[in-house]
Amino acid sequence: MRLIYMLLAILGLSACGTGEAPASPGTPPPQAAVSEQEPAQQPSTQLESDGDGSTLKITFGDYELLATFEDNPSAEAFKELLSQGPVTVEMSDYGGFEKVGPLGTTLPRSDQQITTEPGDVILYQGDQITIYYGTNSWNFTRLARIDDPTDLREKLGDGTVSITFSLE
């Protein structure tokens with residue numbers, strides 16, 4: 001009998017959850033979800049760059065930034081698109097925390113509830129690409145993360161900027 005109680009206790013503890021916070025059903029739309037707080041670090045599964053085109057190159061003005069792709073079907077589809085040649089997007093400020101522009105095609109979505117951080121490259125609604133220089137919480141697909149987002153807001157500047165995405 002004692003063994004049964006111990007097994008039930010172990011099973012009960014293992015069913016307590018994964019430690020991840022559930023997505024809030026009342027989450028406001030992206031433009032209302034800006035947070036001034038420092039976001040919690042979220043685990044990120046990323047592919048290691050090994051010189052075979054697994055690094056994203058982001059070019060605009062006098063800047064060339066490198067980013068590491070996420071490990072998800074959307075990032076793979078984005079890499080496949082870029083393997084056909086660079087993609088240039090006219091990107092504008094939105095909400096005071098991101099540059100956004102039309103990708104010109106639709107990629108598969110791998111949305112999950114996340115809080116963005118400066119340097120996140122995000123797919124929004126399958127056909128918009130964004131570069132975050134602030135934070136925002138919503139259901140997004142992270143495509144990549146800029147390796148060094150230092151002074152990203154200043155580098156991107158105000159207004160519309162032409163940004164080219166390519167493989168390194």
# chains A, B, ... in the order shown; residues from 1 in each chain; ligands from 1
>>> residues_around(residues="Ala67 of chain A", least_positions_apart="3", cutoff="7 Å", atoms="only C-alpha atoms", output="list of chain:residue names")
A:Thr55, A:Leu56, A:Lys57, A:Ala144, A:Arg145, A:Ile146, A:Asp147
>>> write_last_selection(atoms="all heavy atoms", output="short mmCIF file (atom, residue, chain, number, x, y, z; two decimals), in the first residue's frame")
data_model
loop_
_atom_site.label_atom_id
_atom_site.label_comp_id
_atom_site.auth_asym_id
_atom_site.auth_seq_id
_atom_site.Cartn_x
_atom_site.Cartn_y
_atom_site.Cartn_z
N THR A 55 23.64 31.76 -41.40
CA THR A 55 23.63 33.06 -40.73
C THR A 55 22.88 34.05 -41.61
O THR A 55 23.06 34.10 -42.81
CB THR A 55 25.07 33.56 -40.50
OG1 THR A 55 25.75 32.62 -39.66
CG2 THR A 55 25.09 34.92 -39.83
N LEU A 56 22.03 34.84 -40.96
CA LEU A 56 21.27 35.88 -41.65
C LEU A 56 22.09 37.16 -41.66
O LEU A 56 22.61 37.58 -40.62
CB LEU A 56 19.94 36.11 -40.93
CG LEU A 56 19.06 37.24 -41.44
CD1 LEU A 56 18.61 36.98 -42.88
CD2 LEU A 56 17.84 37.38 -40.52
N LYS A 57 22.22 37.77 -42.83
CA LYS A 57 22.90 39.07 -42.95
C LYS A 57 21.82 40.12 -43.20
O LYS A 57 20.99 39.96 -44.09
CB LYS A 57 23.91 39.04 -44.09
CG LYS A 57 24.70 40.35 -44.21
CD LYS A 57 25.94 40.24 -45.08
CE LYS A 57 25.65 39.90 -46.50
NZ LYS A 57 26.82 40.04 -47.37
N ALA A 144 14.85 34.95 -36.36
CA ALA A 144 16.28 35.05 -36.06
C ALA A 144 16.48 36.05 -34.93
O ALA A 144 15.54 36.75 -34.53
CB ALA A 144 17.06 35.50 -37.30
N ARG A 145 17.71 36.12 -34.46
CA ARG A 145 18.08 37.09 -33.43
C ARG A 145 19.40 37.72 -33.83
O ARG A 145 20.38 37.01 -34.10
CB ARG A 145 18.22 36.38 -32.09
CG ARG A 145 18.76 37.23 -31.00
CD ARG A 145 17.82 37.32 -29.81
NE ARG A 145 18.42 38.14 -28.78
CZ ARG A 145 18.22 39.45 -28.69
NH1 ARG A 145 17.44 40.07 -29.52
NH2 ARG A 145 18.80 40.15 -27.74
N ILE A 146 19.43 39.05 -33.90
CA ILE A 146 20.64 39.78 -34.24
C ILE A 146 21.69 39.52 -33.15
O ILE A 146 21.40 39.67 -31.96
CB ILE A 146 20.36 41.28 -34.42
CG1 ILE A 146 19.43 41.49 -35.62
CG2 ILE A 146 21.64 42.09 -34.56
CD1 ILE A 146 18.91 42.90 -35.80
N ASP A 147 22.88 39.12 -33.59
CA ASP A 147 23.93 38.73 -32.64
C ASP A 147 24.36 39.87 -31.73
O ASP A 147 24.64 39.64 -30.55
CB ASP A 147 25.14 38.18 -33.41
CG ASP A 147 24.79 36.91 -34.20
OD1 ASP A 147 23.83 36.20 -33.83
OD2 ASP A 147 25.48 36.64 -35.19
#
>>> residues_around(residues="Arg142 of chain A", least_positions_apart="2", cutoff="9 Å", atoms="only C-alpha atoms", output="short mmCIF file (atom, residue, chain, number, x, y, z; two decimals) with all heavy atoms, in the first residue's frame")
data_model
loop_
_atom_site.label_atom_id
_atom_site.label_comp_id
_atom_site.auth_asym_id
_atom_site.auth_seq_id
_atom_site.Cartn_x
_atom_site.Cartn_y
_atom_site.Cartn_z
N PHE A 69 19.72 32.27 -37.03
CA PHE A 69 18.38 31.78 -37.29
C PHE A 69 17.86 30.95 -36.13
O PHE A 69 18.61 30.23 -35.47
CB PHE A 69 18.35 30.90 -38.55
CG PHE A 69 18.37 31.67 -39.84
CD1 PHE A 69 19.53 31.78 -40.57
CD2 PHE A 69 17.21 32.27 -40.32
CE1 PHE A 69 19.56 32.48 -41.77
CE2 PHE A 69 17.23 32.97 -41.52
CZ PHE A 69 18.39 33.07 -42.24
N GLU A 70 16.54 31.01 -35.93
CA GLU A 70 15.86 30.12 -35.00
C GLU A 70 15.74 28.74 -35.62
O GLU A 70 15.90 28.58 -36.83
CB GLU A 70 14.45 30.66 -34.69
CG GLU A 70 14.44 31.88 -33.82
CD GLU A 70 14.92 31.62 -32.41
OE1 GLU A 70 14.42 30.68 -31.75
OE2 GLU A 70 15.83 32.34 -31.95
N ASN A 72 13.08 26.56 -36.41
CA ASN A 72 11.66 26.30 -36.59
C ASN A 72 11.34 26.28 -38.08
O ASN A 72 12.15 26.74 -38.90
CB ASN A 72 10.80 27.32 -35.81
CG ASN A 72 10.94 28.74 -36.31
OD1 ASN A 72 10.91 29.02 -37.50
ND2 ASN A 72 11.11 29.68 -35.37
N SER A 74 9.41 28.03 -39.91
CA SER A 74 9.33 29.36 -40.52
C SER A 74 10.71 29.89 -40.88
O SER A 74 10.91 30.44 -41.96
CB SER A 74 8.64 30.33 -39.57
OG SER A 74 7.36 29.85 -39.22
N ALA A 75 11.66 29.72 -39.97
CA ALA A 75 13.04 30.15 -40.24
C ALA A 75 13.62 29.35 -41.39
O ALA A 75 14.33 29.90 -42.24
CB ALA A 75 13.90 30.01 -38.98
N SER A 110 4.95 29.83 -37.23
CA SER A 110 5.26 28.98 -36.07
C SER A 110 5.01 29.82 -34.82
O SER A 110 5.86 29.92 -33.94
CB SER A 110 6.71 28.49 -36.12
OG SER A 110 6.99 27.78 -37.29
N ASP A 111 3.86 30.47 -34.77
CA ASP A 111 3.55 31.42 -33.71
C ASP A 111 3.56 30.77 -32.33
O ASP A 111 3.13 29.64 -32.15
CB ASP A 111 2.18 32.05 -33.92
CG ASP A 111 2.14 33.01 -35.10
OD1 ASP A 111 3.21 33.34 -35.64
OD2 ASP A 111 1.03 33.43 -35.48
N GLN A 112 4.08 31.55 -31.39
CA GLN A 112 3.98 31.20 -29.98
C GLN A 112 3.98 32.49 -29.18
O GLN A 112 4.44 33.53 -29.66
CB GLN A 112 5.11 30.28 -29.55
CG GLN A 112 6.50 30.83 -29.75
CD GLN A 112 7.57 29.83 -29.34
OE1 GLN A 112 7.30 28.91 -28.58
NE2 GLN A 112 8.77 30.01 -29.83
N ILE A 114 5.33 35.10 -27.06
CA ILE A 114 6.69 35.49 -26.68
C ILE A 114 6.70 36.96 -26.33
O ILE A 114 5.79 37.71 -26.67
CB ILE A 114 7.72 35.23 -27.81
CG1 ILE A 114 7.37 36.03 -29.07
CG2 ILE A 114 7.85 33.76 -28.11
CD1 ILE A 114 8.45 35.95 -30.15
N THR A 116 9.20 39.94 -27.20
CA THR A 116 10.34 40.25 -28.05
C THR A 116 11.38 41.03 -27.27
O THR A 116 11.09 41.64 -26.24
CB THR A 116 9.91 41.07 -29.27
OG1 THR A 116 9.38 42.32 -28.82
CG2 THR A 116 8.89 40.32 -30.11
N ASP A 120 15.38 41.02 -32.14
CA ASP A 120 14.57 39.92 -32.66
C ASP A 120 14.08 40.24 -34.06
O ASP A 120 13.60 41.36 -34.33
CB ASP A 120 13.35 39.65 -31.77
CG ASP A 120 13.69 38.85 -30.52
OD1 ASP A 120 14.75 38.19 -30.52
OD2 ASP A 120 12.90 38.87 -29.57
N VAL A 121 14.20 39.27 -34.95
CA VAL A 121 13.65 39.36 -36.31
C VAL A 121 12.42 38.45 -36.30
O VAL A 121 12.54 37.25 -36.06
CB VAL A 121 14.67 38.91 -37.37
CG1 VAL A 121 14.07 39.00 -38.76
CG2 VAL A 121 15.94 39.75 -37.28
N ILE A 122 11.26 39.04 -36.52
CA ILE A 122 9.99 38.37 -36.30
C ILE A 122 9.16 38.32 -37.59
O ILE A 122 9.11 39.29 -38.34
CB ILE A 122 9.18 39.13 -35.22
CG1 ILE A 122 9.94 39.18 -33.89
CG2 ILE A 122 7.78 38.56 -35.05
CD1 ILE A 122 10.05 37.88 -33.14
N LEU A 123 8.49 37.20 -37.80
CA LEU A 123 7.49 37.06 -38.84
C LEU A 123 6.14 37.36 -38.19
O LEU A 123 5.79 36.76 -37.17
CB LEU A 123 7.50 35.64 -39.40
CG LEU A 123 6.45 35.31 -40.46
CD1 LEU A 123 6.73 36.09 -41.75
CD2 LEU A 123 6.43 33.81 -40.73
N TYR A 124 5.41 38.30 -38.77
CA TYR A 124 4.11 38.68 -38.23
C TYR A 124 3.04 38.39 -39.29
O TYR A 124 3.17 38.84 -40.44
CB TYR A 124 4.11 40.15 -37.82
CG TYR A 124 2.78 40.64 -37.31
CD1 TYR A 124 2.24 40.11 -36.15
CD2 TYR A 124 2.07 41.61 -37.99
CE1 TYR A 124 1.02 40.55 -35.67
CE2 TYR A 124 0.85 42.06 -37.51
CZ TYR A 124 0.33 41.52 -36.36
OH TYR A 124 -0.88 41.94 -35.88
N PHE A 140 3.88 35.51 -31.91
CA PHE A 140 4.76 35.80 -33.03
C PHE A 140 5.55 34.56 -33.42
O PHE A 140 5.63 33.60 -32.66
CB PHE A 140 5.79 36.86 -32.66
CG PHE A 140 5.25 38.23 -32.39
CD1 PHE A 140 5.53 38.86 -31.19
CD2 PHE A 140 4.51 38.92 -33.33
CE1 PHE A 140 5.08 40.13 -30.94
CE2 PHE A 140 4.05 40.20 -33.09
CZ PHE A 140 4.33 40.80 -31.88
N ALA A 144 14.85 34.95 -36.36
CA ALA A 144 16.28 35.05 -36.06
C ALA A 144 16.48 36.05 -34.93
O ALA A 144 15.54 36.75 -34.53
CB ALA A 144 17.06 35.50 -37.30
N ARG A 145 17.71 36.12 -34.46
CA ARG A 145 18.08 37.09 -33.43
C ARG A 145 19.40 37.72 -33.83
O ARG A 145 20.38 37.01 -34.10
CB ARG A 145 18.22 36.38 -32.09
CG ARG A 145 18.76 37.23 -31.00
CD ARG A 145 17.82 37.32 -29.81
NE ARG A 145 18.42 38.14 -28.78
CZ ARG A 145 18.22 39.45 -28.69
NH1 ARG A 145 17.44 40.07 -29.52
NH2 ARG A 145 18.80 40.15 -27.74
#
>>> closest_residue(among="A:Lys155, A:Thr164, A:Thr130, A:Asp148", to="Asp93 of chain A", atoms="only C-alpha atoms")
A:Thr130
>>> closest_residue(among="A:Ser166, A:Ser54, A:Val89, A:Thr106", to="Thr68 of chain A", atoms="only C-alpha atoms")
A:Ser54
>>> residues_around(residues="Ser162 of chain A", least_positions_apart="6", cutoff="10 Å", atoms="only C-alpha atoms", output="mmCIF file with N, CA, C and O atoms, in the first residue's frame")
data_model
loop_
_atom_site.group_PDB
_atom_site.id
_atom_site.type_symbol
_atom_site.label_atom_id
_atom_site.label_comp_id
_atom_site.auth_asym_id
_atom_site.auth_seq_id
_atom_site.Cartn_x
_atom_site.Cartn_y
_atom_site.Cartn_z
ATOM 1 N N THR A 59 21.398 44.121 -44.001
ATOM 2 C CA THR A 59 22.172 45.262 -44.487
ATOM 3 C C THR A 59 21.257 46.464 -44.688
ATOM 4 O O THR A 59 20.192 46.347 -45.296
ATOM 5 N N PHE A 60 21.695 47.624 -44.171
ATOM 6 C CA PHE A 60 20.971 48.884 -44.373
ATOM 7 C C PHE A 60 21.941 50.024 -44.112
ATOM 8 O O PHE A 60 22.787 49.942 -43.226
ATOM 9 N N GLY A 61 21.827 51.072 -44.931
ATOM 10 C CA GLY A 61 22.737 52.207 -44.777
ATOM 11 C C GLY A 61 24.177 51.752 -44.754
ATOM 12 O O GLY A 61 24.621 51.001 -45.612
ATOM 13 N N THR A 88 14.870 42.581 -50.298
ATOM 14 C CA THR A 88 14.906 43.942 -49.770
ATOM 15 C C THR A 88 13.492 44.373 -49.414
ATOM 16 O O THR A 88 12.562 44.202 -50.206
ATOM 17 N N VAL A 89 13.351 44.917 -48.214
ATOM 18 C CA VAL A 89 12.041 45.312 -47.695
ATOM 19 C C VAL A 89 12.115 46.763 -47.230
ATOM 20 O O VAL A 89 13.060 47.143 -46.527
ATOM 21 N N GLU A 90 11.138 47.557 -47.632
ATOM 22 C CA GLU A 90 10.997 48.921 -47.113
ATOM 23 C C GLU A 90 10.302 48.807 -45.764
ATOM 24 O O GLU A 90 9.162 48.345 -45.688
ATOM 25 N N MET A 91 11.003 49.235 -44.706
ATOM 26 C CA MET A 91 10.493 49.052 -43.358
ATOM 27 C C MET A 91 10.287 50.389 -42.661
ATOM 28 O O MET A 91 11.131 51.281 -42.762
ATOM 29 N N SER A 92 9.157 50.486 -41.960
ATOM 30 C CA SER A 92 8.787 51.715 -41.262
ATOM 31 C C SER A 92 8.609 51.443 -39.780
ATOM 32 O O SER A 92 8.321 50.326 -39.369
ATOM 33 N N GLY A 101 7.723 45.746 -42.343
ATOM 34 C CA GLY A 101 7.475 45.909 -43.765
ATOM 35 C C GLY A 101 6.971 44.613 -44.385
ATOM 36 O O GLY A 101 7.131 43.529 -43.811
ATOM 37 N N LEU A 156 18.976 51.996 -36.836
ATOM 38 C CA LEU A 156 17.830 51.923 -37.755
ATOM 39 C C LEU A 156 17.284 53.312 -38.095
ATOM 40 O O LEU A 156 16.715 53.505 -39.162
#
>>> closest_residue(among="A:Gly119, A:Pro73, A:Pro108, A:Gly159", to="Gly96 of chain A", atoms="only C-alpha atoms")
A:Gly159
>>> atom_distance(atom1="atom CA of Glu64 of chain A", atom2="atom CA of Gly95 of chain A")
24.3 Å
>>> atom_distance(atom1="atom CA of Glu168 of chain A", atom2="atom CA of Thr135 of chain A")
26.6 Å
>>> select_by_dssp(residues="segment 42-152 of chain A", states="strand (DSSP E or B)", output="MDAnalysis selection string")
chainID A and resid 46 55:60 63:70 87:94 98:102 112:115 120:124 128:132 136:146
>>> atom_distance(atom1="atom CA of Pro118 of chain A", atom2="atom CA of Leu152 of chain A")
7.3 Å
>>> closest_residue(among="A:Val161, A:Ala77, A:Val100, A:Leu167", to="Tyr63 of chain A", atoms="only C-alpha atoms")
A:Val161
